[in-house]
$ cat data-v9.txt   # compact mmCIF, C-alpha atoms
# COMPACT_ATOMS: atom_id res chain seq x y z
CA GLN A 96 33.62 26.00 -224.84
CA VAL A 97 36.83 26.34 -226.82
CA SER A 98 39.98 27.42 -225.07
CA LEU A 99 43.75 27.34 -225.34
CA VAL A 100 45.66 25.89 -222.40
CA GLU A 101 49.33 26.72 -222.04
CA SER A 102 52.04 25.15 -219.96
CA GLY A 103 55.80 24.97 -219.70
CA GLY A 104 56.98 28.37 -218.54
CA GLY A 105 59.38 28.84 -215.68
CA LEU A 106 62.79 30.02 -214.55
CA VAL A 107 65.89 28.92 -216.41
CA GLN A 108 69.51 30.04 -216.58
CA ALA A 109 70.91 31.65 -219.67
CA GLY A 110 71.86 29.00 -222.20
CA GLY A 111 69.16 26.66 -220.97
CA SER A 112 66.06 25.32 -222.64
CA LEU A 113 62.31 25.29 -222.11
CA THR A 114 59.41 23.88 -224.07
CA LEU A 115 56.06 25.63 -224.07
CA SER A 116 52.87 23.78 -224.94
CA CYS A 117 49.53 25.11 -226.12
CA THR A 118 46.58 22.76 -226.44
CA ALA A 119 43.25 23.65 -227.96
CA THR A 120 40.40 22.11 -225.97
CA GLY A 121 36.69 21.82 -226.61
CA THR A 122 34.95 21.11 -229.90
CA VAL A 123 38.03 21.70 -232.01
CA PHE A 124 38.54 19.97 -235.32
CA SER A 125 41.87 21.48 -236.24
CA ILE A 126 44.36 24.27 -235.69
CA ASN A 127 44.56 26.26 -238.91
CA MET A 128 47.42 28.39 -237.68
CA MET A 129 48.95 29.23 -234.35
CA GLY A 130 51.35 31.86 -233.17
CA TRP A 131 53.42 32.33 -230.06
CA TYR A 132 53.65 35.93 -228.88
CA ARG A 133 55.66 37.38 -226.06
CA GLN A 134 55.56 40.61 -224.14
CA ALA A 135 58.29 41.84 -221.87
CA PRO A 136 57.66 44.55 -219.27
CA GLY A 137 57.55 47.95 -220.92
CA LYS A 138 57.76 46.50 -224.42
CA GLN A 139 55.29 45.85 -227.20
CA ARG A 140 53.96 42.40 -227.85
CA GLU A 141 56.07 40.53 -230.37
CA LEU A 142 55.17 37.59 -232.62
CA VAL A 143 57.90 35.06 -231.98
CA ALA A 144 56.88 32.13 -234.17
CA SER A 145 53.91 30.89 -236.13
CA ILE A 146 52.94 27.62 -237.74
CA TYR A 147 50.39 26.86 -240.43
CA SER A 148 48.24 23.92 -241.44
CA GLY A 149 50.96 22.48 -243.66
CA SER A 150 53.48 22.83 -240.82
CA SER A 151 55.36 25.65 -242.52
CA ALA A 152 56.67 28.07 -239.95
CA ASN A 153 57.95 31.59 -239.55
CA TYR A 154 60.20 33.02 -236.87
CA ALA A 155 61.18 36.43 -235.61
CA ASP A 156 64.79 37.25 -236.42
CA SER A 157 65.56 37.43 -232.70
CA VAL A 158 64.81 33.72 -232.20
CA LYS A 159 65.80 32.14 -235.53
CA GLY A 160 68.06 29.17 -235.00
CA ARG A 161 67.20 28.96 -231.31
CA PHE A 162 63.42 28.38 -231.19
CA THR A 163 61.45 25.68 -232.99
CA ILE A 164 57.68 25.59 -233.35
CA SER A 165 55.97 22.28 -234.03
CA ARG A 166 52.52 20.77 -233.92
CA ASP A 167 50.76 17.53 -233.02
CA ASN A 168 47.52 17.46 -234.98
CA ALA A 169 46.19 14.43 -233.13
CA LYS A 170 46.42 16.32 -229.85
CA ASN A 171 45.48 19.75 -231.25
CA ALA A 172 48.67 20.99 -229.68
CA VAL A 173 51.50 23.28 -230.69
CA TYR A 174 54.89 23.42 -229.01
CA LEU A 175 57.63 26.02 -228.80
CA GLN A 176 61.03 24.52 -228.10
CA MET A 177 63.31 27.29 -226.85
CA ASN A 178 67.05 26.64 -226.75
CA SER A 179 70.04 28.82 -225.94
CA LEU A 180 67.80 31.11 -223.93
CA ARG A 181 68.99 34.63 -223.19
CA PRO A 182 67.92 37.10 -220.51
CA GLU A 183 66.26 39.16 -223.23
CA ASP A 184 63.89 36.24 -223.88
CA THR A 185 62.30 36.93 -220.51
CA ALA A 186 58.62 37.69 -221.10
CA VAL A 187 55.08 36.43 -220.79
CA TYR A 188 54.49 34.06 -223.68
CA SER A 189 50.99 33.60 -225.07
CA CYS A 190 49.66 31.37 -227.80
CA ALA A 191 47.01 32.48 -230.25
CA ALA A 192 45.14 30.29 -232.68
CA ALA A 193 42.89 30.27 -235.70
CA LEU A 194 40.75 27.17 -235.35
CA THR A 195 38.15 25.06 -237.07
CA ILE A 196 35.51 24.32 -234.45
CA GLN A 197 32.01 22.94 -234.10
CA LYS A 198 29.53 25.52 -232.91
CA ASN A 199 26.08 24.07 -232.37
CA THR A 200 25.37 22.30 -235.67
CA LEU A 201 27.86 24.35 -237.67
CA VAL A 202 31.50 23.87 -238.52
CA VAL A 203 33.18 27.25 -238.21
CA VAL A 204 36.52 27.92 -239.87
CA THR A 205 38.52 30.95 -238.73
CA ASN A 206 41.68 32.35 -240.26
CA GLU A 207 42.38 34.96 -237.62
CA TYR A 208 43.83 34.68 -234.14
CA LEU A 209 40.52 34.72 -232.28
CA TYR A 210 41.55 32.41 -229.47
CA TRP A 211 44.23 33.23 -226.92
CA GLY A 212 45.90 31.36 -224.11
CA GLN A 213 46.24 32.73 -220.60
CA GLY A 214 49.97 33.39 -220.91
CA THR A 215 52.91 31.69 -219.26
CA LYS A 216 55.90 33.47 -217.77
CA VAL A 217 59.42 32.69 -218.91
CA THR A 218 62.28 34.11 -216.89
CA VAL A 219 65.88 33.69 -218.03
CA SER A 220 68.52 34.56 -215.45
CA SER A 221 72.01 35.71 -216.41

$ encode --input "data-v9.txt" --output "structure tokens"
Amino acid sequence: QVSLVESGGGLVQAGGSLTLSCTATGTVFSINMMGWYRQAPGKQRELVASIYSGSSANYADSVKGRFTISRDNAKNAVYLQMNSLRPEDTAVYSCAAALTIQKNTLVVVTNEYLYWGQGTKVTVSS
């Protein structure tokens, strides 16, 4: 059973920091790419940051210079360091991953976000 487990959300004042974690568990060989999405009430889901197998990363314009995505391959984990948080960053944050996994006797490589975390709420007060 492969799953993504998130942690790190919470309540923080504007200007503060939080770090979100997303760990792939189960028969996972590697994270090929992972993205952090967020969805605020009444708004569409937004891709905030993504990281690839070579550790190159992309960011939404709204978080550039404030958020940093990183990975720990040994732990099959990806982190989102969020600094200088603003009230408009308030949302449910979810990680999504394309993984290489073992399924029965096969090694399955995916290049799409097929696996999703349960979501973690981030609230930034003004």

$ residues_around --input "data-v9.txt" --residues "Gln139 in chain A" --least-positions-apart "6" --cutoff "12 Å" --atoms "all atoms listed in the file" --output "list of chain:residue names"
A:Tyr132, A:Arg133, A:Ala186, A:Val187

$ atom_distance --input "data-v9.txt" --atom1 "CA of Val217 in chain A" --atom2 "CA of Thr185 in chain A"
5.4 Å

$ atom_distance --input "data-v9.txt" --atom1 "CA of Arg181 in chain A" --atom2 "CA of Gly212 in chain A"
23.3 Å

$ closest_residue --input "data-v9.txt" --among "A:Thr195, A:Ser98, A:Thr122, A:Gln134" --to "Lys216 in chain A" --atoms "only C-alpha atoms"
A:Gln134

$ residues_around --input "data-v9.txt" --residues "range 172-180 of chain A" --least-positions-apart "3" --cutoff "10 Å" --atoms "all atoms listed in the file" --output "ChimeraX atom specification"
/A:99-103,107-120,125-126,128-131,143-146,158,160-169,183-185,190,192,217-221

$ closest_residue --input "data-v9.txt" --among "A:Thr205, A:Asn153, A:Asn171, A:Thr200" --to "Gly121 in chain A" --atoms "all atoms listed in the file"
A:Asn171

$ atom_distance --input "data-v9.txt" --atom1 "CA of Tyr154 in chain A" --atom2 "CA of Glu141 in chain A"
10.8 Å

$ closest_residue --input "data-v9.txt" --among "A:Ser189, A:Asn127, A:Gln96, A:Ser148" --to "Trp211 in chain A" --atoms "all atoms listed in the file"
A:Ser189

$ residues_around --input "data-v9.txt" --residues "Val204 in chain A" --least-positions-apart "4" --cutoff "8 Å" --atoms "all atoms listed in the file" --output "PDB file with C-alpha atoms, keeping the file's coordinate frame"
ATOM      1  CA  ALA A 193      42.890  30.270-235.700  1.00  0.00           C
ATOM      2  CA  LEU A 194      40.750  27.170-235.350  1.00  0.00           C
ATOM      3  CA  THR A 195      38.150  25.060-237.070  1.00  0.00           C
ATOM      4  CA  ILE A 196      35.510  24.320-234.450  1.00  0.00           C
TER       5      ILE A 196
END

$ axis_aligned_box --input "data-v9.txt" --around "range 190-207 of chain A" --padding-each-side "6 Å" --output "AutoDock Vina command-line options"
--center_x 37.5 --center_y 28.6 --center_z -234.0 --size_x 36.3 --size_y 24.7 --size_z 24.5
